[in-house]
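Colleague: One file is attached below, entry20.pdb, containing PDB, N, CA, C and O atoms.
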```
ATOM      1  N   GLU A  24      -5.533  13.863   8.885
ATOM      2  CA  GLU A  24      -6.040  15.127   9.388
ATOM      3  C   GLU A  24      -5.386  16.297   8.656
ATOM      4  O   GLU A  24      -6.026  17.268   8.318
ATOM      5  N   ALA A  25      -4.100  16.173   8.391
ATOM      6  CA  ALA A  25      -3.379  17.232   7.691
ATOM      7  C   ALA A  25      -3.571  17.126   6.190
ATOM      8  O   ALA A  25      -3.115  17.983   5.446
ATOM      9  N   GLY A  26      -4.213  16.046   5.738
ATOM     10  CA  GLY A  26      -4.422  15.868   4.314
ATOM     11  C   GLY A  26      -3.177  15.422   3.577
ATOM     12  O   GLY A  26      -3.035  15.661   2.393
ATOM     13  N   VAL A  27      -2.272  14.775   4.286
ATOM     14  CA  VAL A  27      -1.012  14.364   3.683
ATOM     15  C   VAL A  27      -1.070  12.882   3.324
ATOM     16  O   VAL A  27      -1.386  12.040   4.152
ATOM     17  N   LEU A  28      -0.775  12.621   2.070
ATOM     18  CA  LEU A  28      -0.679  11.256   1.575
ATOM     19  C   LEU A  28       0.648  11.167   0.848
ATOM     20  O   LEU A  28       0.952  11.998  -0.003
ATOM     21  N   GLU A  29       1.454  10.188   1.207
ATOM     22  CA  GLU A  29       2.771  10.057   0.609
ATOM     23  C   GLU A  29       2.846   8.745  -0.155
ATOM     24  O   GLU A  29       2.479   7.691   0.359
ATOM     25  N   TRP A  30       3.320   8.819  -1.387
ATOM     26  CA  TRP A  30       3.501   7.644  -2.229
ATOM     27  C   TRP A  30       4.988   7.352  -2.297
ATOM     28  O   TRP A  30       5.772   8.208  -2.665
ATOM     29  N   ARG A  31       5.383   6.136  -1.919
ATOM     30  CA  ARG A  31       6.804   5.771  -1.948
ATOM     31  C   ARG A  31       6.995   4.520  -2.792
ATOM     32  O   ARG A  31       6.215   3.581  -2.708
ATOM     33  N   THR A  32       8.060   4.514  -3.544
ATOM     34  CA  THR A  32       8.480   3.327  -4.264
ATOM     35  C   THR A  32       9.653   2.746  -3.489
ATOM     36  O   THR A  32      10.601   3.466  -3.172
ATOM     37  N   VAL A  33       9.571   1.455  -3.184
ATOM     38  CA  VAL A  33      10.613   0.808  -2.399
ATOM     39  C   VAL A  33      11.121  -0.405  -3.169
ATOM     40  O   VAL A  33      10.341  -1.252  -3.594
ATOM     41  N   ASN A  34      12.422  -0.478  -3.339
ATOM     42  CA  ASN A  34      13.047  -1.620  -3.993
ATOM     43  C   ASN A  34      13.447  -2.615  -2.910
ATOM     44  O   ASN A  34      14.391  -2.390  -2.163
ATOM     45  N   VAL A  35      12.715  -3.747  -2.824
ATOM     46  CA  VAL A  35      12.986  -4.726  -1.771
ATOM     47  C   VAL A  35      14.232  -5.562  -2.046
ATOM     48  O   VAL A  35      14.629  -6.374  -1.213
ATOM     49  N   ASP A  36      14.856  -5.374  -3.203
ATOM     50  CA  ASP A  36      16.123  -6.045  -3.484
ATOM     51  C   ASP A  36      17.295  -5.346  -2.802
ATOM     52  O   ASP A  36      18.364  -5.921  -2.651
ATOM     53  N   GLU A  37      17.084  -4.103  -2.376
ATOM     54  CA  GLU A  37      18.130  -3.373  -1.657
ATOM     55  C   GLU A  37      18.151  -3.852  -0.209
ATOM     56  O   GLU A  37      17.093  -4.042   0.410
ATOM     57  N   SER A  38      19.334  -4.060   0.316
ATOM     58  CA  SER A  38      19.478  -4.668   1.648
ATOM     59  C   SER A  38      18.692  -3.941   2.744
ATOM     60  O   SER A  38      18.111  -4.586   3.609
ATOM     61  N   GLU A  39      18.651  -2.626   2.702
ATOM     62  CA  GLU A  39      17.944  -1.887   3.751
ATOM     63  C   GLU A  39      16.421  -2.034   3.674
ATOM     64  O   GLU A  39      15.714  -1.670   4.609
ATOM     65  N   ASN A  40      15.915  -2.592   2.566
ATOM     66  CA  ASN A  40      14.470  -2.744   2.395
ATOM     67  C   ASN A  40      14.000  -4.198   2.426
ATOM     68  O   ASN A  40      12.804  -4.462   2.334
ATOM     69  N   LYS A  41      14.906  -5.133   2.574
ATOM     70  CA  LYS A  41      14.545  -6.554   2.534
ATOM     71  C   LYS A  41      13.542  -6.936   3.617
ATOM     72  O   LYS A  41      12.758  -7.860   3.447
ATOM     73  N   HIS A  42      13.538  -6.219   4.720
ATOM     74  CA  HIS A  42      12.618  -6.532   5.822
ATOM     75  C   HIS A  42      11.147  -6.401   5.408
ATOM     76  O   HIS A  42      10.281  -7.057   5.978
ATOM     77  N   PHE A  43      10.877  -5.590   4.382
ATOM     78  CA  PHE A  43       9.488  -5.424   3.932
ATOM     79  C   PHE A  43       8.907  -6.723   3.384
ATOM     80  O   PHE A  43       7.706  -6.958   3.496
ATOM     81  N   VAL A  44       9.720  -7.568   2.789
ATOM     82  CA  VAL A  44       9.244  -8.839   2.230
ATOM     83  C   VAL A  44       8.611  -9.676   3.330
ATOM     84  O   VAL A  44       7.504 -10.199   3.167
ATOM     85  N   LYS A  45       9.281  -9.773   4.467
ATOM     86  CA  LYS A  45       8.747 -10.557   5.585
ATOM     87  C   LYS A  45       7.589  -9.827   6.266
ATOM     88  O   LYS A  45       6.550 -10.418   6.536
ATOM     89  N   GLU A  46       7.768  -8.549   6.535
ATOM     90  CA  GLU A  46       6.749  -7.775   7.254
ATOM     91  C   GLU A  46       5.410  -7.774   6.528
ATOM     92  O   GLU A  46       4.354  -7.859   7.162
ATOM     93  N   TYR A  47       5.446  -7.661   5.212
ATOM     94  CA  TYR A  47       4.204  -7.576   4.433
ATOM     95  C   TYR A  47       3.892  -8.865   3.686
ATOM     96  O   TYR A  47       2.975  -8.902   2.875
ATOM     97  N   GLN A  48       4.671  -9.913   3.951
ATOM     98  CA  GLN A  48       4.449 -11.226   3.339
ATOM     99  C   GLN A  48       4.384 -11.112   1.811
ATOM    100  O   GLN A  48       3.475 -11.617   1.157
ATOM    101  N   LEU A  49       5.384 -10.449   1.244
ATOM    102  CA  LEU A  49       5.410 -10.184  -0.189
ATOM    103  C   LEU A  49       5.983 -11.361  -0.960
ATOM    104  O   LEU A  49       6.917 -12.013  -0.513
ATOM    105  N   PHE A  50       5.401 -11.609  -2.134
ATOM    106  CA  PHE A  50       5.956 -12.617  -3.030
ATOM    107  C   PHE A  50       6.102 -12.069  -4.443
ATOM    108  O   PHE A  50       6.664 -12.710  -5.311
ATOM    109  N   THR A  51       5.597 -10.870  -4.675
ATOM    110  CA  THR A  51       5.735 -10.179  -5.951
ATOM    111  C   THR A  51       5.603  -8.678  -5.694
ATOM    112  O   THR A  51       5.367  -8.252  -4.558
ATOM    113  N   LYS A  52       5.711  -7.895  -6.736
ATOM    114  CA  LYS A  52       5.511  -6.447  -6.603
ATOM    115  C   LYS A  52       4.116  -6.216  -6.042
ATOM    116  O   LYS A  52       3.168  -6.877  -6.439
ATOM    117  N   SER A  53       4.020  -5.259  -5.133
ATOM    118  CA  SER A  53       2.750  -5.039  -4.440
ATOM    119  C   SER A  53       2.524  -3.565  -4.164
ATOM    120  O   SER A  53       3.463  -2.763  -4.205
ATOM    121  N   LEU A  54       1.285  -3.257  -3.842
ATOM    122  CA  LEU A  54       0.928  -1.918  -3.388
ATOM    123  C   LEU A  54       0.437  -2.062  -1.953
ATOM    124  O   LEU A  54      -0.590  -2.687  -1.694
ATOM    125  N   ILE A  55       1.220  -1.521  -1.037
ATOM    126  CA  ILE A  55       0.889  -1.581   0.381
ATOM    127  C   ILE A  55       0.393  -0.212   0.816
ATOM    128  O   ILE A  55       1.045   0.800   0.558
ATOM    129  N   VAL A  56      -0.751  -0.189   1.482
ATOM    130  CA  VAL A  56      -1.266   1.040   2.078
ATOM    131  C   VAL A  56      -0.950   0.930   3.566
ATOM    132  O   VAL A  56      -1.436   0.021   4.243
ATOM    133  N   SER A  57      -0.117   1.829   4.044
ATOM    134  CA  SER A  57       0.347   1.789   5.427
ATOM    135  C   SER A  57      -0.077   3.069   6.138
ATOM    136  O   SER A  57       0.133   4.171   5.624
ATOM    137  N   ILE A  58      -0.668   2.911   7.305
ATOM    138  CA  ILE A  58      -1.091   4.059   8.107
ATOM    139  C   ILE A  58      -0.094   4.242   9.245
ATOM    140  O   ILE A  58       0.172   3.312  10.004
ATOM    141  N   LEU A  59       0.463   5.440   9.325
ATOM    142  CA  LEU A  59       1.426   5.776  10.373
ATOM    143  C   LEU A  59       0.807   6.789  11.329
ATOM    144  O   LEU A  59       0.099   7.703  10.898
ATOM    145  N   LYS A  60       1.078   6.607  12.584
ATOM    146  CA  LYS A  60       0.645   7.562  13.600
ATOM    147  C   LYS A  60       1.843   7.837  14.494
ATOM    148  O   LYS A  60       2.448   6.897  15.014
ATOM    149  N   ASP A  61       2.208   9.086  14.616
ATOM    150  CA  ASP A  61       3.376   9.478  15.404
ATOM    151  C   ASP A  61       4.622   8.726  14.953
ATOM    152  O   ASP A  61       5.434   8.279  15.761
ATOM    153  N   GLY A  62       4.743   8.532  13.636
ATOM    154  CA  GLY A  62       5.916   7.892  13.066
ATOM    155  C   GLY A  62       5.931   6.377  13.160
ATOM    156  O   GLY A  62       6.887   5.740  12.745
ATOM    157  N   LYS A  63       4.880   5.770  13.711
ATOM    158  CA  LYS A  63       4.815   4.311  13.846
ATOM    159  C   LYS A  63       3.635   3.773  13.054
ATOM    160  O   LYS A  63       2.555   4.359  13.048
ATOM    161  N   GLN A  64       3.870   2.640  12.423
ATOM    162  CA  GLN A  64       2.811   2.012  11.644
ATOM    163  C   GLN A  64       1.737   1.459  12.576
ATOM    164  O   GLN A  64       2.034   0.726  13.503
ATOM    165  N   VAL A  65       0.484   1.805  12.306
ATOM    166  CA  VAL A  65      -0.624   1.309  13.126
ATOM    167  C   VAL A  65      -1.489   0.306  12.363
ATOM    168  O   VAL A  65      -2.218  -0.473  12.966
ATOM    169  N   SER A  66      -1.408   0.343  11.030
ATOM    170  CA  SER A  66      -2.134  -0.632  10.228
ATOM    171  C   SER A  66      -1.565  -0.642   8.814
ATOM    172  O   SER A  66      -0.884   0.292   8.407
ATOM    173  N   TRP A  67      -1.867  -1.727   8.080
ATOM    174  CA  TRP A  67      -1.446  -1.811   6.691
ATOM    175  C   TRP A  67      -2.353  -2.782   5.965
ATOM    176  O   TRP A  67      -3.004  -3.619   6.575
ATOM    177  N   ASN A  68      -2.391  -2.628   4.646
ATOM    178  CA  ASN A  68      -3.174  -3.518   3.807
ATOM    179  C   ASN A  68      -2.467  -3.664   2.464
ATOM    180  O   ASN A  68      -1.998  -2.684   1.902
ATOM    181  N   ASN A  69      -2.410  -4.887   1.975
ATOM    182  CA  ASN A  69      -1.833  -5.165   0.666
ATOM    183  C   ASN A  69      -2.961  -5.147  -0.352
ATOM    184  O   ASN A  69      -3.872  -5.968  -0.278
ATOM    185  N   LEU A  70      -2.917  -4.209  -1.284
ATOM    186  CA  LEU A  70      -3.925  -4.149  -2.353
ATOM    187  C   LEU A  70      -3.505  -5.151  -3.427
ATOM    188  O   LEU A  70      -2.956  -4.801  -4.459
ATOM    189  N   ASP A  71      -3.776  -6.406  -3.146
ATOM    190  CA  ASP A  71      -3.252  -7.512  -3.954
ATOM    191  C   ASP A  71      -3.966  -7.749  -5.279
ATOM    192  O   ASP A  71      -3.526  -8.582  -6.067
ATOM    193  N   GLN A  72      -5.019  -7.029  -5.549
ATOM    194  CA  GLN A  72      -5.741  -7.204  -6.809
ATOM    195  C   GLN A  72      -5.252  -6.271  -7.918
ATOM    196  O   GLN A  72      -5.784  -6.297  -9.030
ATOM    197  N   ILE A  73      -4.238  -5.460  -7.636
ATOM    198  CA  ILE A  73      -3.793  -4.482  -8.641
ATOM    199  C   ILE A  73      -3.354  -5.127  -9.941
ATOM    200  O   ILE A  73      -3.563  -4.578 -11.008
ATOM    201  N   TRP A  74      -2.737  -6.306  -9.869
ATOM    202  CA  TRP A  74      -2.232  -6.941 -11.090
ATOM    203  C   TRP A  74      -3.354  -7.507 -11.950
ATOM    204  O   TRP A  74      -3.216  -7.605 -13.157
ATOM    205  N   LYS A  75      -4.485  -7.814 -11.355
ATOM    206  CA  LYS A  75      -5.644  -8.270 -12.132
ATOM    207  C   LYS A  75      -6.304  -7.094 -12.851
ATOM    208  O   LYS A  75      -6.980  -7.274 -13.852
ATOM    209  N   LEU A  76      -6.107  -5.900 -12.315
ATOM    210  CA  LEU A  76      -6.793  -4.708 -12.835
ATOM    211  C   LEU A  76      -5.886  -3.775 -13.630
ATOM    212  O   LEU A  76      -6.357  -2.775 -14.169
ATOM    213  N   VAL A  77      -4.620  -4.087 -13.717
ATOM    214  CA  VAL A  77      -3.645  -3.160 -14.285
ATOM    215  C   VAL A  77      -3.953  -2.771 -15.738
ATOM    216  O   VAL A  77      -3.611  -1.675 -16.168
ATOM    217  N   ARG A  78      -4.621  -3.606 -16.477
ATOM    218  CA  ARG A  78      -4.938  -3.287 -17.879
ATOM    219  C   ARG A  78      -6.256  -2.528 -18.035
ATOM    220  O   ARG A  78      -6.634  -2.152 -19.130
ATOM    221  N   ASP A  79      -6.947  -2.321 -16.926
ATOM    222  CA  ASP A  79      -8.217  -1.575 -16.939
ATOM    223  C   ASP A  79      -8.014  -0.342 -16.061
ATOM    224  O   ASP A  79      -8.202  -0.390 -14.846
ATOM    225  N   GLN A  80      -7.607   0.759 -16.685
ATOM    226  CA  GLN A  80      -7.221   1.953 -15.930
ATOM    227  C   GLN A  80      -8.320   2.433 -14.984
ATOM    228  O   GLN A  80      -8.052   2.786 -13.841
ATOM    229  N   LYS A  81      -9.562   2.429 -15.430
ATOM    230  CA  LYS A  81     -10.659   2.907 -14.583
ATOM    231  C   LYS A  81     -10.819   2.009 -13.356
ATOM    232  O   LYS A  81     -10.905   2.483 -12.229
ATOM    233  N   ALA A  82     -10.871   0.704 -13.568
ATOM    234  CA  ALA A  82     -11.038  -0.238 -12.454
ATOM    235  C   ALA A  82      -9.834  -0.186 -11.513
ATOM    236  O   ALA A  82      -9.996  -0.235 -10.291
ATOM    237  N   PHE A  83      -8.647  -0.083 -12.084
ATOM    238  CA  PHE A  83      -7.423   0.001 -11.293
ATOM    239  C   PHE A  83      -7.460   1.239 -10.394
ATOM    240  O   PHE A  83      -7.224   1.156  -9.187
ATOM    241  N   THR A  84      -7.769   2.388 -10.986
ATOM    242  CA  THR A  84      -7.815   3.645 -10.236
ATOM    243  C   THR A  84      -8.859   3.581  -9.133
ATOM    244  O   THR A  84      -8.605   3.982  -7.995
ATOM    245  N   GLU A  85     -10.035   3.061  -9.454
ATOM    246  CA  GLU A  85     -11.106   2.955  -8.451
ATOM    247  C   GLU A  85     -10.696   2.024  -7.310
ATOM    248  O   GLU A  85     -10.977   2.296  -6.145
ATOM    249  N   TYR A  86     -10.027   0.926  -7.649
ATOM    250  CA  TYR A  86      -9.575  -0.031  -6.637
ATOM    251  C   TYR A  86      -8.560   0.612  -5.688
ATOM    252  O   TYR A  86      -8.672   0.478  -4.464
ATOM    253  N   VAL A  87      -7.591   1.312  -6.244
ATOM    254  CA  VAL A  87      -6.575   1.966  -5.419
ATOM    255  C   VAL A  87      -7.214   3.058  -4.562
ATOM    256  O   VAL A  87      -6.957   3.141  -3.355
ATOM    257  N   GLN A  88      -8.054   3.883  -5.154
ATOM    258  CA  GLN A  88      -8.707   4.945  -4.390
ATOM    259  C   GLN A  88      -9.556   4.370  -3.264
ATOM    260  O   GLN A  88      -9.535   4.870  -2.142
ATOM    261  N   SER A  89     -10.282   3.313  -3.557
ATOM    262  CA  SER A  89     -11.127   2.670  -2.551
ATOM    263  C   SER A  89     -10.273   2.091  -1.421
ATOM    264  O   SER A  89     -10.629   2.212  -0.238
ATOM    265  N   GLY A  90      -9.155   1.465  -1.766
ATOM    266  CA  GLY A  90      -8.258   0.903  -0.752
ATOM    267  C   GLY A  90      -7.665   1.963   0.151
ATOM    268  O   GLY A  90      -7.555   1.777   1.366
ATOM    269  N   VAL A  91      -7.295   3.084  -0.428
ATOM    270  CA  VAL A  91      -6.739   4.187   0.366
ATOM    271  C   VAL A  91      -7.823   4.778   1.263
ATOM    272  O   VAL A  91      -7.605   5.005   2.455
ATOM    273  N   ARG A  92      -9.016   5.000   0.700
ATOM    274  CA  ARG A  92     -10.123   5.539   1.506
ATOM    275  C   ARG A  92     -10.452   4.618   2.679
ATOM    276  O   ARG A  92     -10.653   5.072   3.801
ATOM    277  N   ALA A  93     -10.527   3.318   2.417
ATOM    278  CA  ALA A  93     -10.840   2.345   3.470
ATOM    279  C   ALA A  93      -9.783   2.372   4.572
ATOM    280  O   ALA A  93     -10.098   2.274   5.749
ATOM    281  N   ALA A  94      -8.528   2.513   4.184
ATOM    282  CA  ALA A  94      -7.450   2.571   5.173
ATOM    283  C   ALA A  94      -7.538   3.825   6.027
ATOM    284  O   ALA A  94      -7.217   3.802   7.211
ATOM    285  N   LEU A  95      -8.005   4.920   5.430
ATOM    286  CA  LEU A  95      -8.079   6.184   6.145
ATOM    287  C   LEU A  95      -9.346   6.327   6.985
ATOM    288  O   LEU A  95      -9.391   7.144   7.903
ATOM    289  N   GLU A  96     -10.377   5.550   6.706
ATOM    290  CA  GLU A  96     -11.645   5.659   7.419
ATOM    291  C   GLU A  96     -11.515   5.636   8.934
ATOM    292  O   GLU A  96     -12.058   6.495   9.599
ATOM    293  N   PRO A  97     -10.807   4.652   9.523
ATOM    294  CA  PRO A  97     -10.708   4.642  10.982
ATOM    295  C   PRO A  97     -10.088   5.919  11.537
ATOM    296  O   PRO A  97     -10.351   6.297  12.660
ATOM    297  N   GLU A  98      -9.260   6.573  10.737
ATOM    298  CA  GLU A  98      -8.608   7.802  11.182
ATOM    299  C   GLU A  98      -9.615   8.937  11.376
ATOM    300  O   GLU A  98      -9.359   9.868  12.102
ATOM    301  N   LYS A  99     -10.744   8.869  10.713
ATOM    302  CA  LYS A  99     -11.738   9.943  10.791
ATOM    303  C   LYS A  99     -12.599   9.830  12.044
ATOM    304  O   LYS A  99     -13.294  10.747  12.388
ATOM    305  N   LYS A 100     -12.563   8.686  12.684
ATOM    306  CA  LYS A 100     -13.423   8.465  13.865
ATOM    307  C   LYS A 100     -12.839   9.091  15.102
ATOM    308  O   LYS A 100     -11.720   9.332  15.255
TER     309      LYS A 100
END
```
When written as structure tokens, how does the structure in this file appear?

Modeller:
Amino acid sequence: EAGVLEWRTVNVDESENKHFVKEYQLFTKSLIVSILKDGKQVSWNNLDQIWKLVRDQKAFTEYVQSGVRAALEPEKK
């Protein structure tokens, strides 16, 4: 609603971030789209196709944009 989108890089090798591996079922570097409401996570999605698209900038960008839009859609209702 406020138009705020925050991009964070998290190193899961750091002890304070290790919980993300279990929470998001990570096995490699990933792009997680997480929706927070009142400071609490209400939904998340792992955009797991990024590594297949990383060499195709247009497809990669479209995939990420589409994933973010899809995550935000329920918020508009």

Colleague: As a ChimeraX atom specification, please: all residues of chain A that backbone DSSP puts in strand (DSSP E or B).

Modeller: /A:55-60,63-69

Colleague: Nearest residue to Gly90 (chain A) out of A:Val65, A:Val56, A:Val33, A:Leu28, using all atoms listed in the file?

Modeller: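 Looking only at the distances to Gly90 (chain A), the closest residue turns out to be A:Val56.
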
Colleague: Rounded to one decimal, what separation in Å do you get between atom O of Thr32 (chain A) and atom N of Ser66 (chain A)?

Modeller: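 The value is 18.9 Å.
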
Colleague: Record the distance separating atom N of Trp30 (chain A) and CA of Lys75 (chain A), expressed in Å with one decimal.

Modeller: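 Interatomic distance, atom N of Trp30 (chain A) to CA of Lys75 (chain A): 22.1 Å.
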
Colleague: Decode the PyMOL selection byres (((chain A and resi 46-52 and name CA) around 9) and name CA) for the given file into explicit residues and return them as a list of chain:residue names.

Modeller: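 Selected by the PyMOL selection byres (((chain A and resi 46-52 and name CA) around 9) and name CA) here: A:His42, A:Phe43, A:Val44, A:Lys45, A:Ser53, A:Leu54, A:Ile55, A:Trp67, A:Asn68, A:Asn69, A:Trp74.
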
Colleague: Atom C of Asn40 (chain A) to atom O of Leu70 (chain A): how many Å, to one decimal?

Modeller: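 Straight-line distance from atom C of Asn40 (chain A) to atom O of Leu70 (chain A) works out to 18.3 Å.
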